[in-house]
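One structure is given below, encoded as structure tokens.
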Amino acid sequence: MFEDIFKVVTKRFNDGDNDEYKPPMFKCPRCSQTSPLVRYEELHRVCPKCNYHGRLSARERLQITVDKGSFHELYETMISENPLDFPDYAEKQAELRQSTGVNDAIVVGTATIKGSPVVIGAMDSRYMMGSMGSVTGEKITRAFEYAIEKSLPVVIFSASGGARMQEGIISLMQMAKTSGAVKLHSDNGGLFISVMTDPTTGGVTASFASLGDIIIAEPKVLIGFAGRRVIEGTIKQKLPDDFQLAEFMHDKGFVDMIVERRKMRSVLSHLLKLHEFDKKEV
Amino acid sequence: MEEKKTAWERLQIVHTKGRPTVKDYIPMIFTDFHEMHGDRLYGDDKAVIGGIARLNGKPVTVIGQVKGRDINENKSCNFAMPHPEGYRKALRLARQAEKFHRPIICFIDTPGAFCGVAAEERGQGEAIAKNIAEFMAIRTPIISIVLGEGGSGGALALGVCDELAMLRNAQYSVLSPRGFASILWKDASREQEASEIMRITAEDMVKFGVAESIIDEPLGGAHNDLDKISENIYEYLAAKIPEKCKKDIDVLLKERYTKFRKIGAFIE
């Protein structure tokens, strides 16, 4: 998995000293420049210096994307078992459910975007690096099956380090399960818009996230199959800074468009409307 | 009878020099093998071999990951780590098989998809994802056999099938035990511990519903008797392929989807 690249530098003033007040700062993992944290937060976590689009929680993502009050969560009580009896896995998850307020690495449900109905999912990188295990795989699969049943488009915001190591081979099989469901939805004429956010890597890149009819990425986010350090270890060379960023994948032809967060809702709405027609009229 | 071995002991067998590779098996199991080359998009990846052959007289498509038997072979086949064009060649041959109603036999034997600059530039993630999704709907029977190493998404890209068989000592895993140890514990030397905790043996795969069958290896491992292990694989295929071909294709596809659909460990 990837190192936590969210390094928020907070400098607080020492009480007792008469130092000048220094506001909390954000240090960008892309350009390494610092900006006031409030400014970064105001921009919905976009670096004011280089336009890197930082990480949002699943609920924050849904909140800025769907119409107010339109979101109805599906399968929200589902939680993971511990198929390998992996030490501390159950305890770690219980803690994460508490601290993050999500039950696994994705939240799915139905909503509208500027009036257009969708089945929508948002991954949460705070939950074990957004890794895909049984619950995330099952929720994505069900989301597509639900969309087939109701003839709805699907929008998924990916943010994941890949397969969930602690569930071993069961995690690997989630790649097959989710991809199978995407294929079925696609063969039924369904639209799938895959939005890659920071980071989209490993088993998620190698399954449903790369299978969108339309693939969108946010600026400067990490997209790739293999980890940067693994590749550097293989080739014994340092990789260029822009390697595996959204712009790189766009240049190579694996991303249709790079869309800024402030325009995402409106772009999604336009794309959804372009696919809304009465099939009987064709 | 095979004595009970630990995952670690089996890994040593899988890595024994002289363990048969797909290139050893093809002439032993099939007749009339004609190799096909290239993905028609970029190039020909020698980490993946594919072609048409006869099994018990009937045409089949054979696709497999190629391990080298010496350093020169390994250089040429990149230690069985395919690039995107390898997966795309596999998909092309699978579609060809579908068109001509030939069943498909996939031999999995890879540490994983190649991790490198060119692989990323040409869309390793997309190539694997595409194979997984498309194989789910290929309208002809597919049988996959893990010969030695079934490493990660790079293995799964040839592993979406109607039935998966494991050679007795083969492993199938989300990541190599070494990689697993270095990611989770930041200590690659705990490889042996990882191999035991990860549940990667043939028996584990049957238990999890990932594999349906186990093909026995000669005493001590496949390298001890190529004739015997080839015969065991042949007998398995000669029984399974006609059984799958008899099924209505829509029923088969539904069962293929369900096989993967039901894997997961969760409560609501």
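Naming scheme: A, B, ... for chains in displayed order of the structure tokens; residues 1 onward per chain; ligands 1 onward as shown.
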
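Neighbours of Lys273 in chain A closer than or equal to 10 Å, with only C-alpha atoms counted and sequence neighbours fewer than 5 positions away skipped, come out as Ile113, Lys114, Gly115, Ser116, Pro117, Val267 and Leu268 of chain A.
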
DSSP says strand (DSSP E or B) for which residues of range 23-271 of chain A? Put them as a PDB file with C-alpha atoms, in the first residue's frame?
ATOM      1  CA  MET A  25      -0.696  24.831   7.376  1.00  0.00           C
ATOM      2  CA  PHE A  26      -1.226  22.242   4.650  1.00  0.00           C
ATOM      3  CA  LYS A  27       1.837  20.783   2.950  1.00  0.00           C
ATOM      4  CA  THR A  34       2.623  24.947   2.094  1.00  0.00           C
ATOM      5  CA  SER A  35      -0.623  26.895   2.221  1.00  0.00           C
ATOM      6  CA  PRO A  36      -2.927  27.853   5.081  1.00  0.00           C
ATOM      7  CA  VAL A  46      -7.519  21.375  -3.490  1.00  0.00           C
ATOM      8  CA  HIS A  53      -6.987  17.341  -5.599  1.00  0.00           C
ATOM      9  CA  HIS A  72     -30.468   7.018   0.237  1.00  0.00           C
ATOM     10  CA  GLU A  73     -27.797   4.663   1.468  1.00  0.00           C
ATOM     11  CA  LEU A  74     -28.005   0.973   0.552  1.00  0.00           C
ATOM     12  CA  ILE A  79     -19.654  -5.496   7.898  1.00  0.00           C
ATOM     13  CA  SER A  80     -16.739  -7.767   7.188  1.00  0.00           C
ATOM     14  CA  ILE A 106     -17.230   2.331   0.334  1.00  0.00           C
ATOM     15  CA  VAL A 107     -20.622   3.960   0.807  1.00  0.00           C
ATOM     16  CA  VAL A 108     -23.217   3.194  -1.898  1.00  0.00           C
ATOM     17  CA  GLY A 109     -26.770   4.301  -2.489  1.00  0.00           C
ATOM     18  CA  THR A 110     -29.179   6.032  -4.795  1.00  0.00           C
ATOM     19  CA  ALA A 111     -29.325   9.768  -5.399  1.00  0.00           C
ATOM     20  CA  THR A 112     -29.972  12.410  -8.008  1.00  0.00           C
ATOM     21  CA  ILE A 113     -27.395  14.726  -9.597  1.00  0.00           C
ATOM     22  CA  SER A 116     -30.750  12.804 -12.860  1.00  0.00           C
ATOM     23  CA  PRO A 117     -31.200   9.562 -10.909  1.00  0.00           C
ATOM     24  CA  VAL A 118     -28.078   7.449 -10.325  1.00  0.00           C
ATOM     25  CA  VAL A 119     -26.723   4.606  -8.275  1.00  0.00           C
ATOM     26  CA  ILE A 120     -23.654   6.138  -6.680  1.00  0.00           C
ATOM     27  CA  GLY A 121     -20.696   4.897  -4.658  1.00  0.00           C
ATOM     28  CA  ALA A 122     -17.834   6.746  -2.996  1.00  0.00           C
ATOM     29  CA  MET A 123     -14.788   5.021  -1.571  1.00  0.00           C
ATOM     30  CA  MET A 132     -11.345  -3.744  -1.394  1.00  0.00           C
ATOM     31  CA  VAL A 154     -23.809   4.034 -12.003  1.00  0.00           C
ATOM     32  CA  VAL A 155     -21.210   6.572 -10.836  1.00  0.00           C
ATOM     33  CA  ILE A 156     -18.359   5.367  -8.619  1.00  0.00           C
ATOM     34  CA  PHE A 157     -15.631   7.534  -7.065  1.00  0.00           C
ATOM     35  CA  SER A 158     -12.626   5.260  -6.534  1.00  0.00           C
ATOM     36  CA  ALA A 159     -10.023   5.875  -3.834  1.00  0.00           C
ATOM     37  CA  SER A 160      -8.119   2.750  -3.021  1.00  0.00           C
ATOM     38  CA  ALA A 163      -7.067  -5.436  -2.673  1.00  0.00           C
ATOM     39  CA  PHE A 192     -21.050   3.470 -15.877  1.00  0.00           C
ATOM     40  CA  ILE A 193     -19.034   6.596 -15.156  1.00  0.00           C
ATOM     41  CA  SER A 194     -15.864   5.774 -13.220  1.00  0.00           C
ATOM     42  CA  VAL A 195     -14.277   8.698 -11.396  1.00  0.00           C
ATOM     43  CA  MET A 196     -10.716   8.067 -10.268  1.00  0.00           C
ATOM     44  CA  THR A 197      -9.650  10.063  -7.232  1.00  0.00           C
ATOM     45  CA  ASP A 198      -6.555   9.954  -5.047  1.00  0.00           C
ATOM     46  CA  PRO A 199      -5.349   7.201  -5.063  1.00  0.00           C
ATOM     47  CA  THR A 200      -6.721   4.659  -7.564  1.00  0.00           C
ATOM     48  CA  ILE A 214     -16.447   7.043 -19.357  1.00  0.00           C
ATOM     49  CA  ILE A 215     -13.404   7.413 -17.125  1.00  0.00           C
ATOM     50  CA  ILE A 216     -12.868  10.732 -15.355  1.00  0.00           C
ATOM     51  CA  ALA A 217      -9.960  11.638 -13.083  1.00  0.00           C
ATOM     52  CA  LEU A 222      -2.308   8.960  -8.382  1.00  0.00           C
ATOM     53  CA  ILE A 223      -3.542   6.306 -10.837  1.00  0.00           C
ATOM     54  CA  LEU A 245      -0.490  10.990 -12.148  1.00  0.00           C
ATOM     55  CA  MET A 257     -11.134  13.603 -19.119  1.00  0.00           C
ATOM     56  CA  ILE A 258      -9.609  15.369 -16.172  1.00  0.00           C
TER      57      ILE A 258
END

Using only C-alpha atoms, which residues sit within 10 Å of Arg95 in chain B once same-chain residues fewer than 2 positions away are excluded, as an NGL selection string? :B and (89-93 or 97-102 or 104 or 134-135 or 138-140)

Store the residues picked out above, limited to C-alpha atoms, as a PDB file, in the first residue's frame.
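Below is the file again-v7.pdb, written as the result:
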ATOM      1  CA  LYS B  89      -3.175 -11.598 -26.704  1.00  0.00           C
ATOM      2  CA  ALA B  90      -4.988 -13.958 -24.320  1.00  0.00           C
ATOM      3  CA  LEU B  91      -8.235 -12.061 -24.826  1.00  0.00           C
ATOM      4  CA  ARG B  92      -7.829 -12.067 -28.589  1.00  0.00           C
ATOM      5  CA  LEU B  93      -7.353 -15.831 -28.597  1.00  0.00           C
ATOM      6  CA  ALA B  97     -12.106 -19.583 -29.532  1.00  0.00           C
ATOM      7  CA  GLU B  98     -15.579 -18.231 -28.847  1.00  0.00           C
ATOM      8  CA  LYS B  99     -16.162 -17.571 -32.548  1.00  0.00           C
ATOM      9  CA  PHE B 100     -15.193 -21.097 -33.535  1.00  0.00           C
ATOM     10  CA  HIS B 101     -16.837 -22.800 -30.557  1.00  0.00           C
ATOM     11  CA  ARG B 102     -13.627 -24.170 -29.121  1.00  0.00           C
ATOM     12  CA  ILE B 104     -10.529 -22.696 -23.686  1.00  0.00           C
ATOM     13  CA  GLU B 134     -14.690 -10.201 -20.810  1.00  0.00           C
ATOM     14  CA  PHE B 135     -13.801 -13.764 -19.773  1.00  0.00           C
ATOM     15  CA  ILE B 138     -17.038 -15.520 -23.282  1.00  0.00           C
ATOM     16  CA  ARG B 139     -19.588 -17.894 -24.769  1.00  0.00           C
ATOM     17  CA  THR B 140     -17.534 -21.079 -24.685  1.00  0.00           C
TER      18      THR B 140
END

Counting only C-alpha atoms, which residue out of B:Gly51, B:Lys75, B:Ile200, B:Leu156 sits closest to His34 in chain B?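 The shortest atom-to-atom distance to His34 in chain B comes from B:Gly51.
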
Could you pull out the residues in range 67-140 of chain A that DSSP calls helix (DSSP H, G or I) from the backbone, as JSON, numbers by chain? {"A": [89, 90, 91, 92, 93, 94, 95, 96, 97, 98, 99, 100, 128, 129, 130, 134, 135, 136, 137, 138, 139, 140]}

Could the residues of chain B that have an atom at most 7 Å from chain A be listed as a tab-separated table, each with its closest atom pair and the distance in Å to one decimal, counting only C-alpha atoms and ordered by chain and ascending residue number?
residue	atom	partner	partner_atom	distance
B:Cys115	CA	A:Ala226	CA	5.5
B:Gly116	CA	A:Ile231	CA	5.2
B:Glu120	CA	A:Gly224	CA	6.6
B:Glu121	CA	A:Lys252	CA	6.2
B:Gly123	CA	A:Phe254	CA	7.0
B:Gln124	CA	A:Phe225	CA	6.3
B:Gly125	CA	A:Ala206	CA	4.0
B:Glu126	CA	A:Ser210	CA	5.3
B:Ile128	CA	A:Ala206	CA	5.4
B:Ala129	CA	A:Ser207	CA	4.2
B:Lys130	CA	A:Leu211	CA	6.9
B:Ile132	CA	A:Ala176	CA	6.0
B:Ala133	CA	A:Ser179	CA	5.0
B:Met136	CA	A:Gly180	CA	6.0
B:Ser152	CA	A:Leu172	CA	6.8
B:Gly153	CA	A:Gly203	CA	6.7
B:Ser173	CA	A:Ile169	CA	5.2
B:Val174	CA	A:Ile169	CA	5.1
B:Ile183	CA	A:Met1	CA	6.5
B:Met198	CA	A:Gly168	CA	5.8
B:Arg199	CA	A:Leu84	CA	7.0
B:Tyr257	CA	A:Gly180	CA	6.7
B:Phe260	CA	A:Lys177	CA	5.3
B:Arg261	CA	A:Lys177	CA	5.2
B:Ile263	CA	A:Ile170	CA	6.7
B:Gly264	CA	A:Ser134	CA	4.7
B:Ala265	CA	A:Glu81	CA	5.3
B:Phe266	CA	A:Ser80	CA	4.3
B:Ile267	CA	A:Ile79	CA	5.5
B:Glu268	CA	A:Met78	CA	4.2

Selection from above, N, CA and C atoms, as a PDB file, in the first residue's frame, can you write it?
ATOM      1  N   CYS B 115       5.553  -5.393 -13.069  1.00  0.00           N
ATOM      2  CA  CYS B 115       5.490  -4.044 -12.504  1.00  0.00           C
ATOM      3  C   CYS B 115       6.615  -3.235 -13.119  1.00  0.00           C
ATOM      4  N   GLY B 116       6.328  -2.446 -14.118  1.00  0.00           N
ATOM      5  CA  GLY B 116       7.381  -1.652 -14.742  1.00  0.00           C
ATOM      6  C   GLY B 116       6.790  -0.447 -15.454  1.00  0.00           C
ATOM      7  N   GLU B 120       2.946   0.064 -17.114  1.00  0.00           N
ATOM      8  CA  GLU B 120       2.017   1.102 -16.661  1.00  0.00           C
ATOM      9  C   GLU B 120       1.574   1.973 -17.829  1.00  0.00           C
ATOM     10  N   GLU B 121       2.536   2.348 -18.680  1.00  0.00           N
ATOM     11  CA  GLU B 121       2.225   3.225 -19.817  1.00  0.00           C
ATOM     12  C   GLU B 121       1.229   2.586 -20.779  1.00  0.00           C
ATOM     13  N   GLY B 123      -1.027   0.429 -19.840  1.00  0.00           N
ATOM     14  CA  GLY B 123      -2.293   0.131 -19.167  1.00  0.00           C
ATOM     15  C   GLY B 123      -2.416  -1.260 -18.599  1.00  0.00           C
ATOM     16  N   GLN B 124      -1.501  -1.626 -17.715  1.00  0.00           N
ATOM     17  CA  GLN B 124      -1.569  -2.944 -17.076  1.00  0.00           C
ATOM     18  C   GLN B 124      -2.908  -3.141 -16.363  1.00  0.00           C
ATOM     19  N   GLY B 125      -3.322  -2.118 -15.636  1.00  0.00           N
ATOM     20  CA  GLY B 125      -4.583  -2.217 -14.897  1.00  0.00           C
ATOM     21  C   GLY B 125      -5.761  -2.440 -15.829  1.00  0.00           C
ATOM     22  N   GLU B 126      -5.807  -1.670 -16.890  1.00  0.00           N
ATOM     23  CA  GLU B 126      -6.908  -1.778 -17.850  1.00  0.00           C
ATOM     24  C   GLU B 126      -6.907  -3.139 -18.519  1.00  0.00           C
ATOM     25  N   ILE B 128      -5.791  -6.049 -17.419  1.00  0.00           N
ATOM     26  CA  ILE B 128      -6.251  -7.102 -16.512  1.00  0.00           C
ATOM     27  C   ILE B 128      -7.755  -6.977 -16.280  1.00  0.00           C
ATOM     28  N   ALA B 129      -8.206  -5.757 -16.017  1.00  0.00           N
ATOM     29  CA  ALA B 129      -9.631  -5.526 -15.775  1.00  0.00           C
ATOM     30  C   ALA B 129     -10.470  -6.011 -16.964  1.00  0.00           C
ATOM     31  N   LYS B 130     -10.018  -5.674 -18.144  1.00  0.00           N
ATOM     32  CA  LYS B 130     -10.741  -6.043 -19.364  1.00  0.00           C
ATOM     33  C   LYS B 130     -10.837  -7.560 -19.491  1.00  0.00           C
ATOM     34  N   ILE B 132     -10.681  -9.826 -17.105  1.00  0.00           N
ATOM     35  CA  ILE B 132     -11.555 -10.375 -16.068  1.00  0.00           C
ATOM     36  C   ILE B 132     -13.019 -10.206 -16.484  1.00  0.00           C
ATOM     37  N   ALA B 133     -13.356  -9.001 -16.933  1.00  0.00           N
ATOM     38  CA  ALA B 133     -14.751  -8.732 -17.303  1.00  0.00           C
ATOM     39  C   ALA B 133     -15.167  -9.520 -18.545  1.00  0.00           C
ATOM     40  N   MET B 136     -15.637 -13.320 -18.254  1.00  0.00           N
ATOM     41  CA  MET B 136     -16.870 -13.648 -17.548  1.00  0.00           C
ATOM     42  C   MET B 136     -18.006 -13.933 -18.546  1.00  0.00           C
ATOM     43  N   SER B 152      -1.798 -13.013  -7.739  1.00  0.00           N
ATOM     44  CA  SER B 152      -2.511 -11.749  -7.794  1.00  0.00           C
ATOM     45  C   SER B 152      -3.358 -11.548  -9.059  1.00  0.00           C
ATOM     46  N   GLY B 153      -3.616 -10.284  -9.373  1.00  0.00           N
ATOM     47  CA  GLY B 153      -4.447  -9.945 -10.529  1.00  0.00           C
ATOM     48  C   GLY B 153      -3.874 -10.479 -11.834  1.00  0.00           C
ATOM     49  N   SER B 173      -2.773 -16.670  -4.679  1.00  0.00           N
ATOM     50  CA  SER B 173      -2.780 -15.680  -3.600  1.00  0.00           C
ATOM     51  C   SER B 173      -2.966 -14.266  -4.116  1.00  0.00           C
ATOM     52  N   VAL B 174      -3.363 -13.397  -3.197  1.00  0.00           N
ATOM     53  CA  VAL B 174      -3.627 -11.999  -3.527  1.00  0.00           C
ATOM     54  C   VAL B 174      -2.320 -11.273  -3.830  1.00  0.00           C
ATOM     55  N   ILE B 183       4.691  -5.580   2.753  1.00  0.00           N
ATOM     56  CA  ILE B 183       3.693  -4.518   2.837  1.00  0.00           C
ATOM     57  C   ILE B 183       3.081  -4.430   4.231  1.00  0.00           C
ATOM     58  N   MET B 198      -1.640 -16.701   5.087  1.00  0.00           N
ATOM     59  CA  MET B 198      -2.407 -16.192   3.939  1.00  0.00           C
ATOM     60  C   MET B 198      -3.418 -17.180   3.359  1.00  0.00           C
ATOM     61  N   ARG B 199      -3.282 -18.473   3.689  1.00  0.00           N
ATOM     62  CA  ARG B 199      -4.174 -19.512   3.132  1.00  0.00           C
ATOM     63  C   ARG B 199      -4.082 -19.550   1.609  1.00  0.00           C
ATOM     64  N   TYR B 257     -20.850 -16.803 -13.519  1.00  0.00           N
ATOM     65  CA  TYR B 257     -21.069 -15.559 -12.768  1.00  0.00           C
ATOM     66  C   TYR B 257     -21.288 -15.882 -11.285  1.00  0.00           C
ATOM     67  N   PHE B 260     -18.239 -16.785  -8.893  1.00  0.00           N
ATOM     68  CA  PHE B 260     -17.499 -15.662  -8.304  1.00  0.00           C
ATOM     69  C   PHE B 260     -18.405 -14.802  -7.424  1.00  0.00           C
ATOM     70  N   ARG B 261     -19.674 -14.701  -7.842  1.00  0.00           N
ATOM     71  CA  ARG B 261     -20.622 -13.842  -7.148  1.00  0.00           C
ATOM     72  C   ARG B 261     -20.748 -14.190  -5.673  1.00  0.00           C
ATOM     73  N   ILE B 263     -18.553 -15.480  -3.600  1.00  0.00           N
ATOM     74  CA  ILE B 263     -17.358 -15.444  -2.736  1.00  0.00           C
ATOM     75  C   ILE B 263     -17.286 -14.131  -1.954  1.00  0.00           C
ATOM     76  N   GLY B 264     -17.228 -14.269  -0.630  1.00  0.00           N
ATOM     77  CA  GLY B 264     -17.160 -13.079   0.216  1.00  0.00           C
ATOM     78  C   GLY B 264     -17.475 -13.481   1.644  1.00  0.00           C
ATOM     79  N   ALA B 265     -16.945 -12.742   2.594  1.00  0.00           N
ATOM     80  CA  ALA B 265     -17.170 -13.059   4.001  1.00  0.00           C
ATOM     81  C   ALA B 265     -17.659 -11.803   4.705  1.00  0.00           C
ATOM     82  N   PHE B 266     -18.998 -11.720   4.865  1.00  0.00           N
ATOM     83  CA  PHE B 266     -19.559 -10.517   5.502  1.00  0.00           C
ATOM     84  C   PHE B 266     -20.849 -10.869   6.225  1.00  0.00           C
ATOM     85  N   ILE B 267     -21.256 -10.007   7.107  1.00  0.00           N
ATOM     86  CA  ILE B 267     -22.547 -10.165   7.767  1.00  0.00           C
ATOM     87  C   ILE B 267     -23.326  -8.864   7.645  1.00  0.00           C
ATOM     88  N   GLU B 268     -24.667  -8.996   7.729  1.00  0.00           N
ATOM     89  CA  GLU B 268     -25.485  -7.773   7.646  1.00  0.00           C
ATOM     90  C   GLU B 268     -26.329  -7.619   8.900  1.00  0.00           C
TER      91      GLU B 268
END

Which of A:Lys263, A:Lys49, A:His185, A:Arg55 sits closest to Phe144 in chain A [using only C-alpha atoms]: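 For Phe144 in chain A, the nearest of the candidates is A:His185.
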
I'd like the neighbourhood of Ile148 in chain A as a list in words, where a residue qualifies if any of its atoms comes within 9 Å (using only C-alpha atoms), though same-chain residues fewer than 3 positions away should be ignored.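 The filter keeps Ala143, Phe144, Glu145, Ser151, Leu152, Pro153, Leu184, His185, Ser186, Asn188, Gly189 and Gly190 of chain A.
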
Please produce an output containing N, CA and C atoms for each residue in the selection, written as an mmCIF file, in the first residue's frame.
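Listed below is the output, part_2.cif:
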data_model
loop_
_atom_site.group_PDB
_atom_site.id
_atom_site.type_symbol
_atom_site.label_atom_id
_atom_site.label_comp_id
_atom_site.auth_asym_id
_atom_site.auth_seq_id
_atom_site.Cartn_x
_atom_site.Cartn_y
_atom_site.Cartn_z
ATOM 1 N N ALA A 143 -24.587 -2.865 -6.048
ATOM 2 C CA ALA A 143 -24.945 -1.569 -6.633
ATOM 3 C C ALA A 143 -25.199 -1.730 -8.136
ATOM 4 N N PHE A 144 -24.334 -2.478 -8.816
ATOM 5 C CA PHE A 144 -24.528 -2.693 -10.254
ATOM 6 C C PHE A 144 -25.755 -3.563 -10.523
ATOM 7 N N GLU A 145 -25.964 -4.569 -9.689
ATOM 8 C CA GLU A 145 -27.143 -5.430 -9.877
ATOM 9 C C GLU A 145 -28.428 -4.644 -9.646
ATOM 10 N N SER A 151 -32.705 -0.124 -14.202
ATOM 11 C CA SER A 151 -32.235 0.580 -15.410
ATOM 12 C C SER A 151 -31.636 1.944 -15.082
ATOM 13 N N LEU A 152 -30.695 1.962 -14.157
ATOM 14 C CA LEU A 152 -30.075 3.224 -13.753
ATOM 15 C C LEU A 152 -28.594 3.250 -14.131
ATOM 16 N N PRO A 153 -28.060 4.455 -14.354
ATOM 17 C CA PRO A 153 -26.608 4.572 -14.532
ATOM 18 C C PRO A 153 -25.895 4.461 -13.183
ATOM 19 N N LEU A 184 -22.131 -7.205 -16.765
ATOM 20 C CA LEU A 184 -23.556 -7.511 -16.897
ATOM 21 C C LEU A 184 -24.365 -6.221 -17.082
ATOM 22 N N HIS A 185 -24.049 -5.222 -16.286
ATOM 23 C CA HIS A 185 -24.705 -3.908 -16.367
ATOM 24 C C HIS A 185 -24.465 -3.301 -17.745
ATOM 25 N N SER A 186 -23.233 -3.424 -18.216
ATOM 26 C CA SER A 186 -22.873 -2.887 -19.530
ATOM 27 C C SER A 186 -23.620 -3.608 -20.657
ATOM 28 N N ASN A 188 -26.364 -4.938 -20.486
ATOM 29 C CA ASN A 188 -27.772 -4.542 -20.429
ATOM 30 C C ASN A 188 -27.977 -3.092 -20.869
ATOM 31 N N GLY A 189 -26.941 -2.476 -21.401
ATOM 32 C CA GLY A 189 -27.069 -1.113 -21.904
ATOM 33 C C GLY A 189 -26.855 -0.033 -20.867
ATOM 34 N N GLY A 190 -26.376 -0.413 -19.687
ATOM 35 C CA GLY A 190 -26.216 0.562 -18.608
ATOM 36 C C GLY A 190 -24.975 1.424 -18.771
#

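If only C-alpha atoms are the atoms counted, then among B:Asp44, B:Asp162, B:Glu149, B:Glu193 the closest residue to Leu175 in chain B is B:Glu149.
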